[in-house]
Amino acid sequence: MAEIRVLVDKCTGCRKCVPVCPYGAISMDGKKARISDACVYCAACVQVCRFDAIALRTEPAADEAAESSGIWVFAEQSEGKALPVALELLGEARALARKKPAKISAVWLGPPAPEQFQSLIAHGADEVLTVTDERLTCRDELLYPQVLARLAEAYKPEIFLFGATGFGRSIAPRTASALDTGLTADCTRLDIDPRNGLLLQTRPAFGGNLLATILCRTRRPQMASVRPKVMRALQADYTRRGSVRSAPMDLRGMHGLEIISVRTDARDGAGLESAEIVVGVGRGIGGARQVELYRRLAGALGAGLAATRAVVDLGWLEYARQVGQTGITIAPKLYLAFGISGSAQHMAGLAESTYIIAVNKDENAPIFSGGRTGAGRLRRGG
Amino acid sequence: MRPEPNSNPDAIQPFLSDESSSTGCAEGIFFPQNEAEIREALRFCRQTGAPVTIQGARTGITGGAVPSGGQIINLSRCNRALGMGWDEPNQRYTLTVQPGMLFSQAQKALAERDFDTAGWSAESQSVYRRFCAGGRWYFPADITETSASIGGMVSTNASGAKTYLYGPMRAHVLGVRALLADGRALLLRRGGKHARNGCFQLRLEDGSLVEGKLPTYRMPRVKNASGYYIQPDMDLLDLFIGAEGTLGVVTEITIALAPVPACSWGVLVFFDDTPSALRCVRELQKLRAERKPAAIEYFDRACLEMMRREQSELHSHQSLPWLPAVEAVYAEFHHADPARMDAGVEAVADLLQAAGADLADTWLALTPQDLDKLIGFRHAVPESINRIIAERKRENPSLTKLGTDMAVPDEKLEWVLDLYSGSIRQLGLEGLKFGHIGDNHLHVNILPRSAREYAEGKALFLEWARQIIAAGGTVSAEHGIGKLKTAQLLAMYGEQAVAEMRALKGCFDPLGMLNQGNMFALDGSG
Amino acid sequence: MEIVVCVKQVPASTRVRLNPVTNTIVREGIDLMLNPFDAYAVEEALRLREKAGGRVTVLSMGIPSAEGILRHALGLGADRAVLLSDKRFAGADTLATAYTLAAAVRNLGGCDLILCGRQAVDGDTAQVGPSLAQKLGIPHLSAVSRARLLSPGELLCEKWADEAHLEIRLQLPALITVVKEINTPRFLSLKGYLRARGAEVETWGADDLNIDPTRIGLEGSATQVVFTAAAERRKAGKAVSGTPEEAAASILGTLLQKGWQRPTSEVNRG
């Protein structure tokens, strides 16, 4: 059983741990800190204590680590083409392999696509592991995890990476659950701990205000998902050598979803993820009727139109356009932010490299201390 | 800042209007950053014989900040907090700010405990450190437009929904430092100097005196923002609160802070007709002491129907469920002790049920997130009205919103609601009624659809004012008089009273330089 | 129809401030609330019950104060509320949470449909729903934006999958995670509040469930947080002042400098 204890002989009563707990679980009992049942073992207090007076202890489980090897990247495909995020993950896998040598396999479920397999190899895969059953052509969030779990049980990878697309965010946890292993979602950084070779998985929490680093110590594979445009793909090198291996798999016992229709017509918010310029509107634009003005601006610039969570919650724009921690991530070259205060929650949806121009009535808005160029006073009445 | 105004017409242009529908004119504008610069600007105006209009954030809706020639002294860059104090007898923090600091800025800095303390005295710094280490404090005054400046709030004695419990700005000002038109400085503290036998005498910083007679009129016993605040033997600090900038330029304000209520909750109650709504309002108005609501607000059927139309035009996902097409009363409650909240909710439920409300027809907000949704609804009503007017104005530029700000004594509430509904119905106008019903103070907005309706609406307001004054009410309960309601102030108090107001101003500003046209015309024309 | 809604209590404020002097993370307030996405799940469950009849049970794994959100759900109209609260559940990652919730669902006697909000605003992982479905061996569909009951055992769901709109016929029993587009949650009424005051919130501990104690809580977790830090902020920006025309001209100048092409004349109009 897990245990967290304040070592009272070491605790000096300095109180540094009290405000640091995101769940308010620490209080002072006289001159000693006391941790209540609200503790979720996030270890924030352990780090801040200068006197090593807080001890967190867990019992290790059986060690699966010894048997597993290799880095797997789920090569998500849409209509027979690998998604860019898969290539980005291959780039990241190669970076990890430089720190701890490993064979990199791109895992492909879908129709046979030899050109795509060559592309995956050119982008860093040593091997493309394929299951090409017809039932896998459409991305089926019930069927895929069954196939992937079977593959992972058979081939025992050490690390399994997924793109955190809508589909990836559904199949990765189901696959992890089937394998009884750990999954860290929406990682913004991956690294190898030089002391023990473990995958260090870093992700934002608390609406983007905190960064947590997570380990999956004993279960395998160590699974992580990464949002598109967070990692970088390598330049394709078609002289790279790699193999394509088809994995035998009998899908007959597996149930899939009954998909009745698929419409790929232009959706509101379509193209936001690939737009070079995006116009973002926040609550500061003043009202639902003001949206039209910005829609026209976006149209004139050939830009996408995005919204903050506040604007979506107020019903001024649809959820598909919500950019942020609980919406989509975009990486335009230029982001024009109107009436957006710049909460960490929203900014988490913007790539680091995006150039931001913010217009806001409030010169103290956080977006100005985290943006690139600001301009004051949103004009009243548009 | 050089002691010379910016006379570039492009620089002046954005500052010729406020949130009223009027635009003025001016020859130059100053943006002082501290009292010394304000004094220099005043000196320049004196030397050139120019009238001066003082501006805060220009969120007023009666034209108080609209210049009618001469110079503008805009205080928006005079916006720092100057220090904190501890009021030992009342066990509360105090905050001293420059007039240009916005209400929202002050609230944010208090909530985040994040002030720029450069230049603060050692004692202020020490109080500030204690404040940062302790519980949560805030500024308990309440206004609807939170981007108003604190100086503006003093000048208009601003109020909002929670004024019902906490009082208007006047209740929260502990001290004011002001410069008279001639540059002399005056320091006023709550409880400092009082009027005596209808006369007043104030000692200025340089030792000289300002003295004179207090006007003799009696203010109506309602929530009131019309004309100077006058009471026999009054605390003279109150002369400067609600004076609409006519007596001097406020350069520093000390406000009282309060601990953030441990919990707040609100409920929106729906009624099929006005008498049912009023029955519940009457019962809520009887609650006193710790049971007294923080706010009691009203929205008539026209308001909810308008919001329903907005809901159907918006994108399908939104934060409020469908509003029923009925009348609504909103009540909010604050508790210092969270353990008392459940008992409070039950008690209000009992009260409402006994008064005939259907408890299933209520929206209860017990969490900050739900409370935010209801507050959003309340603010959306006037915002939607403004949007509709803006659209109609595009077709017909002469049309503007017509709105009233009148309050009546307690016993006249039913009467005034009948008066409003009856006349609107009779003339077939499009009218909406909403507002701070707890204080018997409702805003009635007429949305004219033609020039004829506009004229009818204006005439109707004058008739209402006549009847409400006769009933002991006021023409302006919170917006002030500014330049747009001078005729109504005259109708309310009469010529002699307005002459006395002029004379009072004359004691402080003999040349009549400051904010000409606010409250009354200087030459006696109205 | 037996419907179970899994809800979570999360901190009301996700704002965390970094104290620059001590470089420690200071949370702003400790108020707790119902995870916003879960409110939509509760609402959808109530609507399905209104159409098909049956019972809605709300289930939460949390500390004792989570009883508040469960009571809120009862006030909204849920029929039964169960709180899983035990020191031994603490420290659970999504895997251990899914395992525990699955045990609770079995203890309830199973159900026809489970609803979850898409993700929790404190963890933001969107993992518990799919993971729970796996543990129960039932199909799941994530990010559902519309759900209609076709027949007692079939739910017609709509969702956006990246850029495509899908319609899927889901055989029950199943689990769906929902997004905000699916509905607008109702408010609690005073009547509901009073009814919930007297209602019972059942509390179950580890001993009330049929579980392997090594698979719950921190011990049953596959992942642990080993480090927490304040997120880095972007660099502060450059402010541009002046009249709107001046500011626009200045910004345009900066963009041109950075290599952007001048827009066509159509853009300059209006």
# chains A, B, ... in the order shown; residues from 1 in each chain; ligands from 1
>>> closest_atom_pairs(of="chain B", to="chain C", cutoff="9 Å", atoms="only C-alpha atoms", output="JSON lines")
{"residue": "B:Asp10", "atom": "CA", "partner": "C:Thr243", "partner_atom": "CA", "distance": 8.5}
{"residue": "B:Ala11", "atom": "CA", "partner": "C:Thr243", "partner_atom": "CA", "distance": 7.6}
{"residue": "B:Pro14", "atom": "CA", "partner": "C:Thr243", "partner_atom": "CA", "distance": 8.8}
{"residue": "B:Glu112", "atom": "CA", "partner": "C:Glu28", "partner_atom": "CA", "distance": 8.3}
{"residue": "B:Val267", "atom": "CA", "partner": "C:Leu190", "partner_atom": "CA", "distance": 8.2}
{"residue": "B:Ser316", "atom": "CA", "partner": "C:Glu181", "partner_atom": "CA", "distance": 7.9}
{"residue": "B:His317", "atom": "CA", "partner": "C:Glu181", "partner_atom": "CA", "distance": 5.5}
{"residue": "B:Gln318", "atom": "CA", "partner": "C:Thr184", "partner_atom": "CA", "distance": 6.3}
{"residue": "B:Ser319", "atom": "CA", "partner": "C:Thr184", "partner_atom": "CA", "distance": 6.2}
{"residue": "B:Leu320", "atom": "CA", "partner": "C:Thr184", "partner_atom": "CA", "distance": 6.7}
{"residue": "B:Pro321", "atom": "CA", "partner": "C:Thr184", "partner_atom": "CA", "distance": 5.8}
{"residue": "B:Trp322", "atom": "CA", "partner": "C:Thr184", "partner_atom": "CA", "distance": 8.8}
{"residue": "B:Asp342", "atom": "CA", "partner": "C:Arg197", "partner_atom": "CA", "distance": 8.9}
{"residue": "B:Val345", "atom": "CA", "partner": "C:Leu190", "partner_atom": "CA", "distance": 8.2}
{"residue": "B:Glu346", "atom": "CA", "partner": "C:Leu194", "partner_atom": "CA", "distance": 7.3}
{"residue": "B:Ala349", "atom": "CA", "partner": "C:Leu190", "partner_atom": "CA", "distance": 6.5}
{"residue": "B:Asp358", "atom": "CA", "partner": "C:Lys191", "partner_atom": "CA", "distance": 8.5}
{"residue": "B:Leu359", "atom": "CA", "partner": "C:Lys191", "partner_atom": "CA", "distance": 5.0}
{"residue": "B:Ala360", "atom": "CA", "partner": "C:Lys191", "partner_atom": "CA", "distance": 5.1}
{"residue": "B:Asp361", "atom": "CA", "partner": "C:Ser189", "partner_atom": "CA", "distance": 6.9}
{"residue": "B:Thr362", "atom": "CA", "partner": "C:Ser189", "partner_atom": "CA", "distance": 4.9}
{"residue": "B:Trp363", "atom": "CA", "partner": "C:Ser189", "partner_atom": "CA", "distance": 4.9}
{"residue": "B:Leu364", "atom": "CA", "partner": "C:Ser189", "partner_atom": "CA", "distance": 5.2}
{"residue": "B:Ala365", "atom": "CA", "partner": "C:Leu188", "partner_atom": "CA", "distance": 7.2}
{"residue": "B:Leu366", "atom": "CA", "partner": "C:Leu188", "partner_atom": "CA", "distance": 8.7}
{"residue": "B:Thr367", "atom": "CA", "partner": "C:Met33", "partner_atom": "CA", "distance": 7.4}
{"residue": "B:Pro368", "atom": "CA", "partner": "C:Ala12", "partner_atom": "CA", "distance": 8.5}
{"residue": "B:Gln369", "atom": "CA", "partner": "C:Ala12", "partner_atom": "CA", "distance": 8.5}
{"residue": "B:Asp370", "atom": "CA", "partner": "C:Phe187", "partner_atom": "CA", "distance": 8.0}
>>> write_last_selection(atoms="N, CA and C atoms", output="mmCIF file, in the first residue's frame")
data_model
loop_
_atom_site.group_PDB
_atom_site.id
_atom_site.type_symbol
_atom_site.label_atom_id
_atom_site.label_comp_id
_atom_site.auth_asym_id
_atom_site.auth_seq_id
_atom_site.Cartn_x
_atom_site.Cartn_y
_atom_site.Cartn_z
ATOM 1 N N ASP B 10 -6.790 64.601 -33.925
ATOM 2 C CA ASP B 10 -6.868 63.145 -33.982
ATOM 3 C C ASP B 10 -6.646 62.519 -32.615
ATOM 4 N N ALA B 11 -5.794 63.180 -31.830
ATOM 5 C CA ALA B 11 -5.551 62.646 -30.487
ATOM 6 C C ALA B 11 -6.745 62.900 -29.581
ATOM 7 N N PRO B 14 -11.010 60.550 -29.951
ATOM 8 C CA PRO B 14 -11.598 59.425 -29.217
ATOM 9 C C PRO B 14 -12.139 59.811 -27.854
ATOM 10 N N GLU B 112 -5.640 38.642 -6.746
ATOM 11 C CA GLU B 112 -4.375 37.969 -7.021
ATOM 12 C C GLU B 112 -3.290 38.401 -6.059
ATOM 13 N N VAL B 267 -30.502 32.562 -6.737
ATOM 14 C CA VAL B 267 -31.622 31.805 -7.293
ATOM 15 C C VAL B 267 -32.424 32.697 -8.228
ATOM 16 N N SER B 316 -26.206 26.339 -31.312
ATOM 17 C CA SER B 316 -27.013 25.480 -30.452
ATOM 18 C C SER B 316 -26.415 25.234 -29.081
ATOM 19 N N HIS B 317 -25.097 25.135 -28.972
ATOM 20 C CA HIS B 317 -24.567 24.864 -27.642
ATOM 21 C C HIS B 317 -24.421 26.155 -26.864
ATOM 22 N N GLN B 318 -24.985 26.209 -25.689
ATOM 23 C CA GLN B 318 -24.801 27.393 -24.862
ATOM 24 C C GLN B 318 -24.903 27.018 -23.396
ATOM 25 N N SER B 319 -24.577 27.960 -22.541
ATOM 26 C CA SER B 319 -24.438 27.604 -21.135
ATOM 27 C C SER B 319 -25.739 27.697 -20.361
ATOM 28 N N LEU B 320 -26.759 28.400 -20.870
ATOM 29 C CA LEU B 320 -28.021 28.496 -20.132
ATOM 30 C C LEU B 320 -29.085 27.650 -20.805
ATOM 31 N N PRO B 321 -29.879 26.945 -20.015
ATOM 32 C CA PRO B 321 -31.007 26.232 -20.617
ATOM 33 C C PRO B 321 -32.000 27.244 -21.197
ATOM 34 N N TRP B 322 -32.980 26.743 -21.944
ATOM 35 C CA TRP B 322 -34.017 27.627 -22.494
ATOM 36 C C TRP B 322 -34.695 28.431 -21.389
ATOM 37 N N ASP B 342 -26.612 26.049 3.846
ATOM 38 C CA ASP B 342 -27.751 25.160 3.642
ATOM 39 C C ASP B 342 -28.992 25.665 4.384
ATOM 40 N N VAL B 345 -30.418 28.535 2.417
ATOM 41 C CA VAL B 345 -31.166 28.138 1.223
ATOM 42 C C VAL B 345 -32.543 27.612 1.615
ATOM 43 N N GLU B 346 -32.577 26.796 2.646
ATOM 44 C CA GLU B 346 -33.874 26.246 3.090
ATOM 45 C C GLU B 346 -34.813 27.348 3.535
ATOM 46 N N ALA B 349 -36.190 29.068 0.584
ATOM 47 C CA ALA B 349 -37.159 28.194 -0.087
ATOM 48 C C ALA B 349 -38.508 28.275 0.624
ATOM 49 N N ASP B 358 -43.533 28.654 -7.186
ATOM 50 C CA ASP B 358 -43.428 27.226 -7.452
ATOM 51 C C ASP B 358 -41.949 26.864 -7.407
ATOM 52 N N LEU B 359 -41.541 26.098 -6.395
ATOM 53 C CA LEU B 359 -40.120 25.826 -6.214
ATOM 54 C C LEU B 359 -39.498 25.024 -7.354
ATOM 55 N N ALA B 360 -40.346 24.369 -8.154
ATOM 56 C CA ALA B 360 -39.795 23.644 -9.293
ATOM 57 C C ALA B 360 -39.422 24.626 -10.403
ATOM 58 N N ASP B 361 -39.973 25.820 -10.346
ATOM 59 C CA ASP B 361 -39.737 26.842 -11.373
ATOM 60 C C ASP B 361 -38.636 27.787 -10.928
ATOM 61 N N THR B 362 -37.533 27.229 -10.505
ATOM 62 C CA THR B 362 -36.430 28.060 -10.029
ATOM 63 C C THR B 362 -35.126 27.523 -10.581
ATOM 64 N N TRP B 363 -34.146 28.385 -10.760
ATOM 65 C CA TRP B 363 -32.794 27.969 -11.121
ATOM 66 C C TRP B 363 -31.906 28.342 -9.954
ATOM 67 N N LEU B 364 -31.350 27.343 -9.315
ATOM 68 C CA LEU B 364 -30.571 27.553 -8.111
ATOM 69 C C LEU B 364 -29.088 27.445 -8.440
ATOM 70 N N ALA B 365 -28.315 28.444 -8.057
ATOM 71 C CA ALA B 365 -26.877 28.443 -8.335
ATOM 72 C C ALA B 365 -26.129 28.398 -7.013
ATOM 73 N N LEU B 366 -25.601 27.229 -6.689
ATOM 74 C CA LEU B 366 -24.890 27.082 -5.412
ATOM 75 C C LEU B 366 -23.382 27.081 -5.590
ATOM 76 N N THR B 367 -22.927 26.907 -6.818
ATOM 77 C CA THR B 367 -21.490 26.877 -7.064
ATOM 78 C C THR B 367 -21.086 28.159 -7.799
ATOM 79 N N PRO B 368 -19.821 28.559 -7.655
ATOM 80 C CA PRO B 368 -19.380 29.764 -8.365
ATOM 81 C C PRO B 368 -19.629 29.674 -9.874
ATOM 82 N N GLN B 369 -19.491 28.479 -10.450
ATOM 83 C CA GLN B 369 -19.675 28.349 -11.899
ATOM 84 C C GLN B 369 -21.130 28.621 -12.276
ATOM 85 N N ASP B 370 -22.060 28.047 -11.504
ATOM 86 C CA ASP B 370 -23.477 28.276 -11.810
ATOM 87 C C ASP B 370 -23.855 29.731 -11.544
#
>>> residues_around(residues="B:Leu187", least_positions_apart="6", cutoff="7 Å", atoms="only C-alpha atoms", output="PyMOL selection string")
chain B and resi 176-178
>>> write_last_selection(atoms="C-alpha atoms", output="mmCIF file, in the first residue's frame")
data_model
loop_
_atom_site.group_PDB
_atom_site.id
_atom_site.type_symbol
_atom_site.label_atom_id
_atom_site.label_comp_id
_atom_site.auth_asym_id
_atom_site.auth_seq_id
_atom_site.Cartn_x
_atom_site.Cartn_y
_atom_site.Cartn_z
ATOM 1 C CA VAL B 176 -10.696 61.771 -0.540
ATOM 2 C CA ARG B 177 -7.925 64.130 -1.534
ATOM 3 C CA ALA B 178 -8.952 66.745 -4.080
#
>>> interface_residues(of="chain A", to="chain B", cutoff="6 Å", atoms="only C-alpha atoms", output="NGL selection string")
:A and (313-315)
>>> write_last_selection(atoms="C-alpha atoms", output="PDB file, in the first residue's frame")
ATOM      1  CA  ASP A 313     -19.418  28.145 -23.472  1.00  0.00           C
ATOM      2  CA  LEU A 314     -21.347  31.338 -24.219  1.00  0.00           C
ATOM      3  CA  GLY A 315     -22.563  29.841 -27.472  1.00  0.00           C
TER       4      GLY A 315
END
>>> closest_residue(among="A:Ser341, A:Asn196, A:Ser177, A:Ser225", to="chain C", atoms="only C-alpha atoms")
A:Ser177
>>> select_by_dssp(residues="stretch 91-260 of chain A", states="strand (DSSP E)", output="JSON, numbers by chain")
{"A": [104, 105, 106, 107, 108, 109, 127, 128, 129, 130, 131, 159, 160, 161, 162, 163, 183, 184, 185, 186, 187, 189, 190, 191, 192, 199, 200, 201, 202, 203, 204, 205, 210, 211, 212, 213, 214, 215, 222, 223, 224, 225, 226, 243, 244, 245, 246, 258, 259, 260]}
>>> residues_around(residues="stretch 199-202 of chain C", least_positions_apart="3", cutoff="12 Å", atoms="only C-alpha atoms", output="PyMOL selection string")
chain C and resi 57-61+64-75+77-85+104+108+192-196+205+208
>>> write_last_selection(atoms="N, CA and C atoms", output="compact mmCIF listing (two decimals), in the first residue's frame")
# COMPACT_ATOMS: atom_id res chain seq x y z
N THR C 57 -27.95 6.16 -11.92
CA THR C 57 -27.10 6.10 -10.73
C THR C 57 -25.84 6.90 -11.01
N VAL C 58 -25.50 7.81 -10.11
CA VAL C 58 -24.23 8.53 -10.27
C VAL C 58 -23.20 7.91 -9.35
N LEU C 59 -22.01 7.78 -9.90
CA LEU C 59 -20.94 7.08 -9.21
C LEU C 59 -19.70 7.95 -9.22
N SER C 60 -19.01 8.04 -8.08
CA SER C 60 -17.78 8.82 -8.06
C SER C 60 -16.77 8.19 -7.13
N MET C 61 -15.51 8.24 -7.56
CA MET C 61 -14.43 7.80 -6.69
C MET C 61 -13.74 9.05 -6.18
N PRO C 64 -14.25 12.13 0.88
CA PRO C 64 -15.60 12.30 1.45
C PRO C 64 -16.32 13.56 0.97
N SER C 65 -15.62 14.64 0.72
CA SER C 65 -16.33 15.86 0.31
C SER C 65 -16.95 15.73 -1.07
N ALA C 66 -16.58 14.70 -1.81
CA ALA C 66 -17.20 14.49 -3.12
C ALA C 66 -18.68 14.16 -2.98
N GLU C 67 -19.11 13.90 -1.77
CA GLU C 67 -20.54 13.68 -1.54
C GLU C 67 -21.35 14.86 -2.04
N GLY C 68 -20.73 16.07 -1.98
CA GLY C 68 -21.43 17.27 -2.42
C GLY C 68 -21.88 17.19 -3.88
N ILE C 69 -20.99 16.76 -4.76
CA ILE C 69 -21.37 16.71 -6.17
C ILE C 69 -22.39 15.61 -6.41
N LEU C 70 -22.31 14.54 -5.64
CA LEU C 70 -23.28 13.46 -5.81
C LEU C 70 -24.66 13.92 -5.35
N ARG C 71 -24.69 14.66 -4.28
CA ARG C 71 -25.97 15.19 -3.79
C ARG C 71 -26.55 16.17 -4.81
N HIS C 72 -25.67 16.94 -5.43
CA HIS C 72 -26.10 17.87 -6.49
C HIS C 72 -26.76 17.08 -7.61
N ALA C 73 -26.15 15.96 -7.99
CA ALA C 73 -26.72 15.12 -9.06
C ALA C 73 -28.06 14.55 -8.64
N LEU C 74 -28.19 14.18 -7.39
CA LEU C 74 -29.49 13.68 -6.90
C LEU C 74 -30.52 14.80 -7.01
N GLY C 75 -30.12 16.00 -6.68
CA GLY C 75 -31.05 17.13 -6.77
C GLY C 75 -31.49 17.38 -8.20
N GLY C 77 -31.95 15.13 -10.31
CA GLY C 77 -32.91 14.10 -10.68
C GLY C 77 -32.38 12.69 -10.70
N ALA C 78 -31.09 12.49 -10.40
CA ALA C 78 -30.56 11.12 -10.38
C ALA C 78 -31.28 10.33 -9.29
N ASP C 79 -31.38 9.01 -9.50
CA ASP C 79 -32.12 8.18 -8.56
C ASP C 79 -31.27 7.66 -7.42
N ARG C 80 -29.99 7.46 -7.70
CA ARG C 80 -29.14 6.83 -6.68
C ARG C 80 -27.74 7.40 -6.81
N ALA C 81 -27.05 7.52 -5.68
CA ALA C 81 -25.69 8.06 -5.71
C ALA C 81 -24.78 7.19 -4.86
N VAL C 82 -23.63 6.84 -5.41
CA VAL C 82 -22.67 6.01 -4.70
C VAL C 82 -21.31 6.66 -4.72
N LEU C 83 -20.72 6.83 -3.55
CA LEU C 83 -19.38 7.40 -3.43
C LEU C 83 -18.41 6.28 -3.07
N LEU C 84 -17.36 6.15 -3.86
CA LEU C 84 -16.30 5.19 -3.54
C LEU C 84 -15.23 5.96 -2.80
N SER C 85 -15.15 5.73 -1.53
CA SER C 85 -14.20 6.51 -0.74
C SER C 85 -13.47 5.60 0.22
N ALA C 104 -17.03 -1.38 -9.01
CA ALA C 104 -18.24 -0.76 -8.46
C ALA C 104 -19.43 -1.01 -9.37
N LEU C 108 -22.94 -2.90 -8.57
CA LEU C 108 -24.28 -2.33 -8.77
C LEU C 108 -25.18 -3.31 -9.52
N GLY C 192 -35.61 20.47 -6.23
CA GLY C 192 -34.65 19.36 -6.31
C GLY C 192 -33.65 19.42 -5.16
N TYR C 193 -33.23 20.62 -4.85
CA TYR C 193 -32.27 20.79 -3.77
C TYR C 193 -32.85 20.27 -2.45
N LEU C 194 -34.08 20.63 -2.15
CA LEU C 194 -34.70 20.19 -0.89
C LEU C 194 -34.85 18.68 -0.87
N ARG C 195 -35.23 18.13 -2.02
CA ARG C 195 -35.39 16.68 -2.09
C ARG C 195 -34.06 15.98 -1.82
N ALA C 196 -32.98 16.54 -2.39
CA ALA C 196 -31.68 15.90 -2.25
C ALA C 196 -31.13 16.03 -0.83
N GLY C 205 -16.45 1.37 0.56
CA GLY C 205 -15.00 1.32 0.69
C GLY C 205 -14.44 0.12 -0.06
N ASP C 208 -16.09 -3.19 0.45
CA ASP C 208 -17.44 -3.41 -0.08
C ASP C 208 -17.39 -3.92 -1.52
>>> closest_residue(among="A:Ile104, A:Leu257, A:Ala337, A:Leu183", to="C:Leu172", atoms="only C-alpha atoms")
A:Leu257
>>> residues_around(residues="stretch 293-306 of chain B", least_positions_apart="4", cutoff="9 Å", atoms="only C-alpha atoms", output="JSON, numbers by chain")
{"B": [160, 161, 162, 163, 164, 165, 166, 272, 273, 274, 277, 281, 284, 285, 287, 288, 310, 311, 323, 324, 325, 326, 327, 328, 329, 330, 331, 332, 333, 334, 378, 381, 384, 385, 430, 431, 432, 433, 434, 435, 436, 437, 438, 439, 442]}
>>> closest_residue(among="A:Val312, A:Ala212, A:Val40, A:Val230", to="A:Thr184", atoms="only C-alpha atoms")
A:Ala212
>>> residues_around(residues="B:Thr474", least_positions_apart="6", cutoff="8 Å", atoms="only C-alpha atoms", output="ChimeraX atom specification")
/B:220,222-224,226,406-408,465,468,492
>>> write_last_selection(atoms="C-alpha atoms", output="PDB file, in the first residue's frame")
ATOM      1  CA  PRO B 220     -36.167  62.036  -1.150  1.00  0.00           C
ATOM      2  CA  VAL B 222     -35.105  56.656  -1.857  1.00  0.00           C
ATOM      3  CA  LYS B 223     -31.923  55.426  -3.492  1.00  0.00           C
ATOM      4  CA  ASN B 224     -30.816  58.676  -5.086  1.00  0.00           C
ATOM      5  CA  SER B 226     -29.603  63.353  -8.318  1.00  0.00           C
ATOM      6  CA  MET B 406     -36.079  56.344 -11.410  1.00  0.00           C
ATOM      7  CA  ALA B 407     -36.731  55.025  -7.935  1.00  0.00           C
ATOM      8  CA  VAL B 408     -39.765  55.375  -5.689  1.00  0.00           C
ATOM      9  CA  ALA B 465     -40.866  61.856 -13.920  1.00  0.00           C
ATOM     10  CA  ILE B 468     -42.702  59.959  -9.602  1.00  0.00           C
ATOM     11  CA  MET B 492     -37.349  67.470  -9.177  1.00  0.00           C
TER      12      MET B 492
END
>>> closest_residue(among="C:Ala164, C:Leu115, C:Ala206, C:Ala249", to="chain A", atoms="only C-alpha atoms")
C:Ala164
>>> closest_residue(among="C:Leu175, C:Asp162, C:Gly110, C:Lys238", to="C:Ser142", atoms="only C-alpha atoms")
C:Leu175
>>> atom_distance(atom1="atom CA of B:Thr94", atom2="atom CA of B:Leu110")
11.3 Å
>>> closest_residue(among="C:Leu141, C:Ala120, C:Ala133, C:Cys6", to="C:Lys159", atoms="only C-alpha atoms")
C:Leu141
>>> select_by_dssp(residues="stretch 1-189 of chain B", states="alpha helix (DSSP H)", output="PyMOL selection string")
chain B and resi 9-12+35-48+103-112+122-133+150-156+163-166
>>> decode(residues="stretch 78-93 of chain B", atoms="C-alpha atoms", output="PDB file, in the first residue's frame")
ATOM      1  CA  CYS B  78      -3.294  58.330 -13.099  1.00  0.00           C
ATOM      2  CA  ASN B  79      -4.118  54.740 -12.226  1.00  0.00           C
ATOM      3  CA  ARG B  80      -1.855  53.342  -9.554  1.00  0.00           C
ATOM      4  CA  ALA B  81      -2.548  52.075  -6.080  1.00  0.00           C
ATOM      5  CA  LEU B  82      -0.707  54.282  -3.626  1.00  0.00           C
ATOM      6  CA  GLY B  83      -0.801  52.301  -0.417  1.00  0.00           C
ATOM      7  CA  MET B  84      -2.626  50.078   2.006  1.00  0.00           C
ATOM      8  CA  GLY B  85      -3.651  50.642   5.567  1.00  0.00           C
ATOM      9  CA  TRP B  86      -5.302  48.868   8.448  1.00  0.00           C
ATOM     10  CA  ASP B  87      -8.430  50.377   9.995  1.00  0.00           C
ATOM     11  CA  GLU B  88      -8.062  49.038  13.531  1.00  0.00           C
ATOM     12  CA  PRO B  89     -11.435  50.039  15.006  1.00  0.00           C
ATOM     13  CA  ASN B  90     -13.281  48.415  12.122  1.00  0.00           C
ATOM     14  CA  GLN B  91     -10.782  45.588  11.680  1.00  0.00           C
ATOM     15  CA  ARG B  92     -10.415  45.987   7.949  1.00  0.00           C
ATOM     16  CA  TYR B  93      -7.852  46.840   5.318  1.00  0.00           C
TER      17      TYR B  93
END
